[in-house]
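Q: Structure provided below as structure tokens; questions to follow.
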Amino acid sequence: MHARRRRPAGLFRAPARTRTTRKEEGASPAAARRTRTAQHTMVAIIGAGKMGEALLAGLLGTGYAPADVLVAEPRQERAREVAELYGVDVVSTREAAKRAETVVLAIKPQDMVNLLDDVSGELGSGTLVISVAAGVTTSTLERHITDDAAVVRAMPNTPALAGTGMTAMSGGTHTTPEQLDRAERLLESVGSVVRVQERHMDTVTALSGSGPAYFYFIAETMIEAGVAMGMPRDSARTLVSQTITGAATMLNEPGNHPVVLREAVTSPGGTTAAALRELERHGVRSAFTDAIEAAARRSGELSGD
Ligand SMILES: NC(=O)C1=CN([C@@H]2O[C@H](COP(=O)(O)OP(=O)(O)OC[C@H]3O[C@@H](n4cnc5c(N)ncnc54)[C@H](OP(=O)(O)O)[C@@H]3O)[C@@H](O)[C@H]2O)C=CC1
Ligand SMILES: O=C(O)[C@@H]1CCC=N1
């Protein structure tokens with residue numbers, strides 16, 4: 001597996017700021033809506049939930065114009081919200097499938113087969129379909145579009161919203177190298193991308209797809225522990241989130257190994273050793289292993305096969 005990083009972290013402009021910047025530049029929302037960029041093909045995001053929004057915000061934050069992206073979202077209130085916040089056109093799922101050259105499916109795995117059966121007739125023969133749904137296999141996608149459809153199964157994560165996502169992807173039976181490159185370029189605009197064999201995708205889902213939630217869970221627990229010991233919540237939050245950022249930066253350094261990094265923190269007879277002994281006593285290591293296996297199993301159950 002080979003991770004590619006397109007730009008350093010921290011340059012992402014958050015959605016609200018993206019809007020402000022456009023305003024500062026004097027472009028009206030209507031004008032921004034009409035102006036397409038030359039280098040991007042039309043992308044449709046079907047499903048503007050958490051992951052759909054993270055991908056949308058990530059794409060708009062890294063060079064896609066609102067006019068390059070169509071969104072389909074059945075919930076009217078949500079559709080209005082997304083149109084207003086990002087300046088994109090929200091259209092029906094069938095129209096999105098018909099007009100886009102790349103269609104990203106960000107709906108629940110359980111809704112996938114019905115959606116595919118509904119839109120398959122609208123997709124052009126060269127349309128690339130990228131599903132980010134947990135578990136749903138490329139063979140399910142192909143079976144419900146056409147047997148020779150160009151499909152990619154991808155698993156991003158929500159830090160895509162900040163341009164620091166981690167996505168793994170694998171292509172279907174008929175996806176050409178050029179189409180895989182196209183999918184990779186699109187996903188790279190919201191973070192790092194690796195290509196994996198599809199048999200690893202359930203594990204990927206359990207590790208990096210669901211992974212941010214594990215770290216938020218740890219962060220929440222640490223912050224509450226700090227608060228319980230009398231620390232103001234804001235201070236505890238700053239300490240914990242910067243500690244996670246710092247630890248991740250160290251771990252990202254080539255050659256660094258988590259065990260070596262952990263040993264460097266653990267002074268003989270000190271505080272870290274006392275804490276780690278408690279984590280082991282409570283079975284945190286096996287709890288994590290079981291949790292990750294459960295997530296992968298659940299992904300397998302959502303295959304649609
Ligand atoms: N959240 C995450 O961190 C990640 C999620 N994913 C995958 O992304 C997908 C979406 O997850 P998530 O964003 O969390 O879920 P959400 O429920 O937040 O989003 C799904 C959205 O799709 C909408 N939708 C349902 N049917 C259709 C349709 N026919 N056409 C257009 N939109 C539709 C839903 O509307 P309504 O609510 O009305 O049903 C909802 O707004 C899932 O398959 C998940 O496995 C992948 C990686 C990470
Ligand atoms: O919880 C889920 O099913 C999705 C897939 C990975 C992260 N969220």
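Identifiers for the structure tokens are assigned positionally: chains receive A, B, ... in sequence, residues are indexed from 1 per chain, and ligands are indexed from 1 in the order shown.
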Can you tell me which residues sit at most 12 Å away from ligand 2, counting only C-alpha atoms and all ligand atoms, written as a ChimeraX atom specification?
A: /A:49-52,54,106-110,131-136,154-159,166-168,201-214,292,294-303
Q: Include C-alpha atoms and write out the residues we just selected as a PDB file, in the first residue's frame.
A:
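Output below, filename again-v7.pdb:
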ATOM      1  CA  GLY A  49     -25.386  13.209   4.975  1.00  0.00           C
ATOM      2  CA  LYS A  50     -22.274  13.319   7.126  1.00  0.00           C
ATOM      3  CA  MET A  51     -19.928  11.653   4.647  1.00  0.00           C
ATOM      4  CA  GLY A  52     -21.462  13.294   1.585  1.00  0.00           C
ATOM      5  CA  ALA A  54     -17.450  15.904   4.270  1.00  0.00           C
ATOM      6  CA  ALA A 106     -22.784   8.424  -0.167  1.00  0.00           C
ATOM      7  CA  ILE A 107     -26.030   6.862   0.968  1.00  0.00           C
ATOM      8  CA  LYS A 108     -26.514   4.149   3.577  1.00  0.00           C
ATOM      9  CA  PRO A 109     -25.479   0.642   2.487  1.00  0.00           C
ATOM     10  CA  GLN A 110     -29.017  -0.531   3.257  1.00  0.00           C
ATOM     11  CA  SER A 131     -19.467   4.041  -3.747  1.00  0.00           C
ATOM     12  CA  VAL A 132     -18.291   5.020  -0.275  1.00  0.00           C
ATOM     13  CA  ALA A 133     -20.858   2.780   1.411  1.00  0.00           C
ATOM     14  CA  ALA A 134     -19.505   0.449   4.074  1.00  0.00           C
ATOM     15  CA  GLY A 135     -19.517  -3.164   3.005  1.00  0.00           C
ATOM     16  CA  VAL A 136     -21.161  -2.817  -0.408  1.00  0.00           C
ATOM     17  CA  ALA A 154     -13.942   3.504  -1.641  1.00  0.00           C
ATOM     18  CA  MET A 155     -13.780   4.002   2.091  1.00  0.00           C
ATOM     19  CA  PRO A 156     -12.994   7.589   3.100  1.00  0.00           C
ATOM     20  CA  ASN A 157     -13.371   9.078   6.560  1.00  0.00           C
ATOM     21  CA  THR A 158     -14.841  12.307   7.868  1.00  0.00           C
ATOM     22  CA  PRO A 159     -11.539  14.232   8.227  1.00  0.00           C
ATOM     23  CA  MET A 166      -7.744   8.774   4.615  1.00  0.00           C
ATOM     24  CA  THR A 167      -9.341   6.823   1.802  1.00  0.00           C
ATOM     25  CA  ALA A 168      -8.742   3.294   0.597  1.00  0.00           C
ATOM     26  CA  MET A 201     -11.966  -3.324   2.452  1.00  0.00           C
ATOM     27  CA  ASP A 202     -13.915  -4.561   5.488  1.00  0.00           C
ATOM     28  CA  THR A 203     -10.733  -4.235   7.561  1.00  0.00           C
ATOM     29  CA  VAL A 204     -10.105  -0.780   6.104  1.00  0.00           C
ATOM     30  CA  THR A 205     -13.637   0.209   7.082  1.00  0.00           C
ATOM     31  CA  ALA A 206     -13.020  -0.960  10.651  1.00  0.00           C
ATOM     32  CA  LEU A 207      -9.654   0.819  10.895  1.00  0.00           C
ATOM     33  CA  SER A 208      -9.739   4.139   9.056  1.00  0.00           C
ATOM     34  CA  GLY A 209     -13.429   4.453   8.101  1.00  0.00           C
ATOM     35  CA  SER A 210     -14.722   4.134  11.652  1.00  0.00           C
ATOM     36  CA  GLY A 211     -11.349   5.066  13.165  1.00  0.00           C
ATOM     37  CA  PRO A 212     -11.972   8.764  13.802  1.00  0.00           C
ATOM     38  CA  ALA A 213     -14.831   7.784  16.132  1.00  0.00           C
ATOM     39  CA  TYR A 214     -12.454   5.712  18.281  1.00  0.00           C
ATOM     40  CA  ILE A 292     -12.320  -3.504  15.290  1.00  0.00           C
ATOM     41  CA  ALA A 294     -16.885  -6.310  15.177  1.00  0.00           C
ATOM     42  CA  ALA A 295     -16.752  -3.339  12.801  1.00  0.00           C
ATOM     43  CA  ALA A 296     -15.204  -5.475  10.042  1.00  0.00           C
ATOM     44  CA  ARG A 297     -17.817  -8.194  10.586  1.00  0.00           C
ATOM     45  CA  ARG A 298     -20.587  -5.604  10.343  1.00  0.00           C
ATOM     46  CA  SER A 299     -19.082  -4.276   7.128  1.00  0.00           C
ATOM     47  CA  GLY A 300     -19.191  -7.815   5.703  1.00  0.00           C
ATOM     48  CA  GLU A 301     -22.870  -8.086   6.649  1.00  0.00           C
ATOM     49  CA  LEU A 302     -23.649  -4.944   4.633  1.00  0.00           C
ATOM     50  CA  SER A 303     -22.197  -6.304   1.381  1.00  0.00           C
TER      51      SER A 303
END
Q: Do a neighbour search on Ser241 in chain A at 8 Å with only C-alpha atoms, toss out local chain neighbours closer than 4 positions, and write the hits as a list in words.
A: Ala219, Arg237 and Thr245 of chain A
Q: What's the 9 Å shell around range 145-147 of chain A, counting only C-alpha atoms, without same-chain residues fewer than 2 positions away, as an NGL selection string?
A: :A and (116-117 or 119-121 or 123 or 139-143 or 149-150 or 173-174)
Q: Would you save the residues from that selection as a short mmCIF file (atom, residue, chain, number, x, y, z; two decimals), in the first residue's frame, using C-alpha atoms?
A:
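The new file result34.cif reads:
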data_model
loop_
_atom_site.label_atom_id
_atom_site.label_comp_id
_atom_site.auth_asym_id
_atom_site.auth_seq_id
_atom_site.Cartn_x
_atom_site.Cartn_y
_atom_site.Cartn_z
CA LEU A 116 -28.94 1.60 -8.02
CA ASP A 117 -32.04 -0.03 -9.44
CA VAL A 119 -30.72 5.29 -11.36
CA SER A 120 -28.91 2.63 -13.38
CA GLY A 121 -30.84 3.54 -16.54
CA LEU A 123 -25.95 6.48 -16.02
CA SER A 139 -19.92 -7.09 -7.51
CA THR A 140 -23.13 -5.77 -5.91
CA LEU A 141 -22.59 -2.43 -7.62
CA GLU A 142 -21.96 -4.06 -11.00
CA ARG A 143 -24.93 -6.40 -10.65
CA ALA A 149 -20.12 -0.76 -15.29
CA ALA A 150 -17.03 1.17 -14.16
CA THR A 173 -13.95 -5.93 -12.77
CA HIS A 174 -14.27 -3.49 -15.67
#
Q: For Ile223 in chain A, which residue among A:Ile244, A:Leu161, A:Val69, A:Val151 is the nearest when counting only C-alpha atoms?
A: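 Checking each of A:Ile244, A:Leu161, A:Val69, A:Val151 against Ile223 in chain A, counting only C-alpha atoms, the winner is A:Ile244.
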Q: May I ask which of the residues A:Gly63, A:Pro177, A:Gly255, A:Pro74 is the closest one to ligand 1, counting only C-alpha atoms and all ligand atoms?
A: A:Pro74
Q: Go through A:Arg78, A:Arg199, A:Arg99, A:Arg36 one by one, measure the shortest atom-to-atom distance of each to ligand 1 using only C-alpha atoms and all ligand atoms, and give the residue with the smallest value.
A: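 Using only C-alpha atoms and all ligand atoms, the shortest distance to ligand 1 belongs to A:Arg78.
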Q: Which residue out of A:Gly172, A:Gly283, A:Gly304, A:Pro268 has the minimum interatomic distance to ligand 1 when only C-alpha atoms and all ligand atoms are used?
A: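 Ranking A:Gly172, A:Gly283, A:Gly304, A:Pro268 by distance to ligand 1, first place goes to A:Gly304.
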Q: Tell me, as a VMD selection string, which residues lie within 10 Å of Leu128 in chain A, counting only C-alpha atoms; anything in the same chain fewer than 3 positions away does not count.
A: chain A and resid 43 100 to 104 123 to 125 131 149 to 152 175 to 176 179 to 180 182 to 183
Q: Selected residues, N, CA and C atoms, written as a compact mmCIF listing (two decimals), in the first residue's frame, please.
A:
# COMPACT_ATOMS: atom_id res chain seq x y z
N VAL A 43 -18.99 16.18 -11.10
CA VAL A 43 -19.12 15.16 -10.05
C VAL A 43 -20.49 15.29 -9.41
N ALA A 100 -23.76 13.74 -14.42
CA ALA A 100 -22.37 13.71 -13.94
C ALA A 100 -21.52 12.68 -14.69
N GLU A 101 -20.24 12.99 -14.77
CA GLU A 101 -19.30 11.99 -15.33
C GLU A 101 -18.77 11.06 -14.24
N THR A 102 -18.77 11.57 -13.02
CA THR A 102 -18.39 10.75 -11.87
C THR A 102 -19.49 10.87 -10.82
N VAL A 103 -20.02 9.74 -10.41
CA VAL A 103 -21.11 9.75 -9.44
C VAL A 103 -20.61 9.11 -8.14
N VAL A 104 -20.67 9.87 -7.06
CA VAL A 104 -20.25 9.36 -5.75
C VAL A 104 -21.50 9.00 -4.96
N LEU A 123 -27.42 6.34 -15.97
CA LEU A 123 -25.95 6.48 -16.02
C LEU A 123 -25.44 6.29 -17.45
N GLY A 124 -24.56 7.17 -17.88
CA GLY A 124 -23.96 7.03 -19.22
C GLY A 124 -23.00 5.84 -19.24
N SER A 125 -22.64 5.38 -20.44
CA SER A 125 -21.80 4.17 -20.51
C SER A 125 -20.40 4.42 -19.93
N SER A 131 -18.65 4.22 -4.95
CA SER A 131 -19.47 4.04 -3.75
C SER A 131 -18.58 4.16 -2.52
N ALA A 149 -20.21 -2.12 -15.83
CA ALA A 149 -20.12 -0.76 -15.29
C ALA A 149 -18.73 -0.50 -14.69
N ALA A 150 -18.30 0.77 -14.78
CA ALA A 150 -17.03 1.17 -14.16
C ALA A 150 -17.32 1.59 -12.73
N VAL A 151 -16.91 0.77 -11.78
CA VAL A 151 -17.22 1.07 -10.38
C VAL A 151 -15.96 1.06 -9.52
N VAL A 152 -16.00 1.84 -8.47
CA VAL A 152 -14.92 1.87 -7.48
C VAL A 152 -15.58 1.79 -6.10
N THR A 175 -13.26 -1.70 -14.39
CA THR A 175 -12.76 -0.34 -14.20
C THR A 175 -11.37 -0.23 -14.81
N THR A 176 -11.19 0.73 -15.72
CA THR A 176 -9.92 0.85 -16.42
C THR A 176 -8.89 1.56 -15.53
N GLN A 179 -9.74 5.15 -15.26
CA GLN A 179 -10.87 5.44 -14.35
C GLN A 179 -10.42 5.32 -12.89
N LEU A 180 -9.54 4.37 -12.62
CA LEU A 180 -9.00 4.28 -11.25
C LEU A 180 -8.20 5.53 -10.91
N ARG A 182 -8.72 8.46 -12.17
CA ARG A 182 -9.69 9.55 -11.99
C ARG A 182 -10.28 9.50 -10.58
N ALA A 183 -10.63 8.30 -10.14
CA ALA A 183 -11.19 8.16 -8.78
C ALA A 183 -10.15 8.58 -7.76
